[in-house]
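For reference, the structure discussed in these notes is given below.
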Amino acid sequence: MKIYSQGDQAIVIAIEKEVSKSLTEDLLTLRDYLVKQNYPFITEIVPTESDMMICYDARDMIKHHNIQSPFLYMKALVESIHLDIKHDFSNQSDIEIPVIYGSTYGPDLTQLLKEYKISLDTFINLHTNSQYFVSMMGYSPGFPYLTGMNKKLFVNHTSNRKKFIPAGSVVIEGKKCGIVTTDTYNDWLVIGFTPLTLFNPNNDDFALLKLGDNVKFKQIKENEIELGAFDHVNHNRK
């Protein structure tokens, strides 16, 4: 584990392991412990795939808590924490994501199949038989980065141009999958579409998925989604 400064009001903890479910759980355990301690000078805790940034109010630490060096104090605090502390993972969910693969719903899949040199059925089997977990949240509200994709489906390139990608699009980039939560323009490779709403700002719990959740994909047919669920995609592509 490495600990280093990120500016004058943040510290980064890098856990030197390959991205995995256990690493995500380590980071969640650490975040949960710090939140429960309710340190008044910690302002934000942001976990990523392999590290965590802890933001703190250095001025408050010096002025009100008699801490001469906020960075050294935070470094010593983190080093005193043991990752064998307990964390309740019972609130993690197992989510099944229905997907329509290919065609208008996954415009990049045909070219990918040529590169993989496999059939559509083989691709779907490889993609749906993998167990994924949310290793990071980012890019847009509720956007999950999903680790666990079969190595046979890894790619080393993106699309040759940026294009409109609607919310609900299932995308591949490198070794991971993602699910687009808000309409965007990007060069991700789009392989399918899910009718599930992953982000709803009107809900208290606005994101369907959270860090550490388990995810499985399931193939569905076009006639299994509600009428009009994909109309905005066709409209925006005209």
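Numbering starts fresh at 1 for the residues of each chain in the structure tokens, the chains themselves are lettered A, B, ... in the order given, and ligands are numbered from 1 as they appear.
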
TODO: For Ile172 in chain A, please output as a PyMOL selection string all residues within 7 Å (counting only C-alpha atoms; exclusion window: fewer than 3 positions along the same chain).
DONE: chain A and resi 176-178+188-190

TODO: Pick out the closest residue to Val99 in chain A from this set: A:Met52, A:Val171, A:Ile42, A:Leu77. Count only C-alpha atoms.
DONE: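 Answer, going by the shortest atom-to-atom distance: A:Val171.
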
TODO: Just the strand (DSSP E or B) stuff from range 35-99 of chain A, please, per backbone DSSP, written as a list of chain:residue names.
DONE: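 So, restricting range 35-99 of chain A to strand (DSSP E or B), we get A:Ile42, A:Thr43, A:Glu44, A:Ile45, A:Val46, A:Pro47, A:Asp51, A:Met52, A:Met53, A:Ile54, A:Cys55, A:Tyr56, A:Asp94, A:Ile95, A:Glu96, A:Ile97, A:Pro98, A:Val99.
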
Expected file: the selected residues, N, CA and C atoms, as a PDB file, in the first residue's frame:
ATOM      1  N   ILE A  42     -12.559  15.428   7.627  1.00  0.00           N
ATOM      2  CA  ILE A  42     -12.615  14.697   6.357  1.00  0.00           C
ATOM      3  C   ILE A  42     -13.852  15.155   5.597  1.00  0.00           C
ATOM      4  N   THR A  43     -13.642  15.691   4.402  1.00  0.00           N
ATOM      5  CA  THR A  43     -14.746  16.291   3.641  1.00  0.00           C
ATOM      6  C   THR A  43     -15.302  15.379   2.550  1.00  0.00           C
ATOM      7  N   GLU A  44     -14.505  14.450   2.049  1.00  0.00           N
ATOM      8  CA  GLU A  44     -14.979  13.564   0.981  1.00  0.00           C
ATOM      9  C   GLU A  44     -14.058  12.366   0.879  1.00  0.00           C
ATOM     10  N   ILE A  45     -14.641  11.196   0.534  1.00  0.00           N
ATOM     11  CA  ILE A  45     -13.862   9.985   0.322  1.00  0.00           C
ATOM     12  C   ILE A  45     -14.268   9.414  -1.038  1.00  0.00           C
ATOM     13  N   VAL A  46     -13.302   9.303  -1.942  1.00  0.00           N
ATOM     14  CA  VAL A  46     -13.604   8.903  -3.322  1.00  0.00           C
ATOM     15  C   VAL A  46     -12.807   7.663  -3.686  1.00  0.00           C
ATOM     16  N   PRO A  47     -13.425   6.478  -3.689  1.00  0.00           N
ATOM     17  CA  PRO A  47     -12.715   5.268  -4.121  1.00  0.00           C
ATOM     18  C   PRO A  47     -12.730   5.131  -5.637  1.00  0.00           C
ATOM     19  N   ASP A  51      -7.414   2.604  -5.908  1.00  0.00           N
ATOM     20  CA  ASP A  51      -6.971   3.510  -4.867  1.00  0.00           C
ATOM     21  C   ASP A  51      -8.148   4.294  -4.305  1.00  0.00           C
ATOM     22  N   MET A  52      -7.853   5.153  -3.360  1.00  0.00           N
ATOM     23  CA  MET A  52      -8.893   5.959  -2.731  1.00  0.00           C
ATOM     24  C   MET A  52      -8.315   7.326  -2.386  1.00  0.00           C
ATOM     25  N   MET A  53      -9.066   8.369  -2.710  1.00  0.00           N
ATOM     26  CA  MET A  53      -8.663   9.716  -2.351  1.00  0.00           C
ATOM     27  C   MET A  53      -9.492  10.189  -1.169  1.00  0.00           C
ATOM     28  N   ILE A  54      -8.813  10.675  -0.147  1.00  0.00           N
ATOM     29  CA  ILE A  54      -9.486  11.211   1.032  1.00  0.00           C
ATOM     30  C   ILE A  54      -9.201  12.711   1.079  1.00  0.00           C
ATOM     31  N   CYS A  55     -10.240  13.502   0.939  1.00  0.00           N
ATOM     32  CA  CYS A  55     -10.100  14.955   0.987  1.00  0.00           C
ATOM     33  C   CYS A  55     -10.315  15.439   2.414  1.00  0.00           C
ATOM     34  N   TYR A  56      -9.541  16.432   2.817  1.00  0.00           N
ATOM     35  CA  TYR A  56      -9.649  16.936   4.179  1.00  0.00           C
ATOM     36  C   TYR A  56      -9.488  18.455   4.197  1.00  0.00           C
ATOM     37  N   ASP A  94     -27.181  -8.283  -6.315  1.00  0.00           N
ATOM     38  CA  ASP A  94     -26.944  -9.084  -7.508  1.00  0.00           C
ATOM     39  C   ASP A  94     -27.955  -8.626  -8.550  1.00  0.00           C
ATOM     40  N   ILE A  95     -27.487  -7.952  -9.575  1.00  0.00           N
ATOM     41  CA  ILE A  95     -28.365  -7.327 -10.561  1.00  0.00           C
ATOM     42  C   ILE A  95     -28.234  -8.033 -11.903  1.00  0.00           C
ATOM     43  N   GLU A  96     -29.373  -8.378 -12.493  1.00  0.00           N
ATOM     44  CA  GLU A  96     -29.395  -8.945 -13.840  1.00  0.00           C
ATOM     45  C   GLU A  96     -29.763  -7.843 -14.825  1.00  0.00           C
ATOM     46  N   ILE A  97     -28.934  -7.682 -15.845  1.00  0.00           N
ATOM     47  CA  ILE A  97     -29.130  -6.629 -16.838  1.00  0.00           C
ATOM     48  C   ILE A  97     -29.592  -7.254 -18.155  1.00  0.00           C
ATOM     49  N   PRO A  98     -30.840  -7.023 -18.557  1.00  0.00           N
ATOM     50  CA  PRO A  98     -31.307  -7.539 -19.852  1.00  0.00           C
ATOM     51  C   PRO A  98     -30.726  -6.699 -20.991  1.00  0.00           C
ATOM     52  N   VAL A  99     -30.277  -7.374 -22.048  1.00  0.00           N
ATOM     53  CA  VAL A  99     -29.627  -6.673 -23.159  1.00  0.00           C
ATOM     54  C   VAL A  99     -30.125  -7.193 -24.494  1.00  0.00           C
TER      55      VAL A  99
END

Open item on the list: To one decimal place in Å, what is the distance between CA of Gly212 in chain A and CA of Glu224 in chain A?
Closed with: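 Result for CA of Gly212 in chain A versus CA of Glu224 in chain A: 28.6 Å, one decimal.
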
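For the pair CA of Lys21 in chain A and CA of Asn125 in chain A, the interatomic distance is 22.2 Å.
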
Open item on the list: What's around Ser130 in chain A at 8 Å? Count only C-alpha atoms, leave out sequence neighbours fewer than 6 positions away in its own chain, and write the answer as a VMD selection string.
Closed with: chain A and resid 148 to 150 216

Mind dumping the selected residues with N, CA, C and O atoms as a PDB file, in the first residue's frame?
ATOM      1  N   GLY A 148     -14.619  -8.127 -15.083  1.00  0.00           N
ATOM      2  CA  GLY A 148     -14.961  -9.551 -15.091  1.00  0.00           C
ATOM      3  C   GLY A 148     -15.237 -10.099 -16.471  1.00  0.00           C
ATOM      4  O   GLY A 148     -15.577 -11.271 -16.630  1.00  0.00           O
ATOM      5  N   MET A 149     -15.073  -9.261 -17.510  1.00  0.00           N
ATOM      6  CA  MET A 149     -15.358  -9.694 -18.870  1.00  0.00           C
ATOM      7  C   MET A 149     -14.385 -10.795 -19.310  1.00  0.00           C
ATOM      8  O   MET A 149     -13.203 -10.780 -18.947  1.00  0.00           O
ATOM      9  N   ASN A 150     -14.885 -11.735 -20.082  1.00  0.00           N
ATOM     10  CA  ASN A 150     -14.058 -12.809 -20.615  1.00  0.00           C
ATOM     11  C   ASN A 150     -12.898 -12.231 -21.423  1.00  0.00           C
ATOM     12  O   ASN A 150     -13.078 -11.314 -22.233  1.00  0.00           O
ATOM     13  N   LYS A 216     -24.860  -9.570 -13.817  1.00  0.00           N
ATOM     14  CA  LYS A 216     -24.915 -10.572 -14.882  1.00  0.00           C
ATOM     15  C   LYS A 216     -25.737  -9.991 -16.026  1.00  0.00           C
ATOM     16  O   LYS A 216     -26.731  -9.308 -15.807  1.00  0.00           O
TER      17      LYS A 216
END

TODO: Record the distance separating CA of His65 in chain A and CA of Phe41 in chain A, expressed in Å with one decimal.
DONE: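 So the answer is 8.9 Å.
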
Task: Nearest to Pro107 in chain A by atom-to-atom distance, counting only C-alpha atoms, from A:Ile67, A:Ser140, A:Gly192, A:Val170 - done: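 Answer, going by the shortest atom-to-atom distance: A:Gly192.
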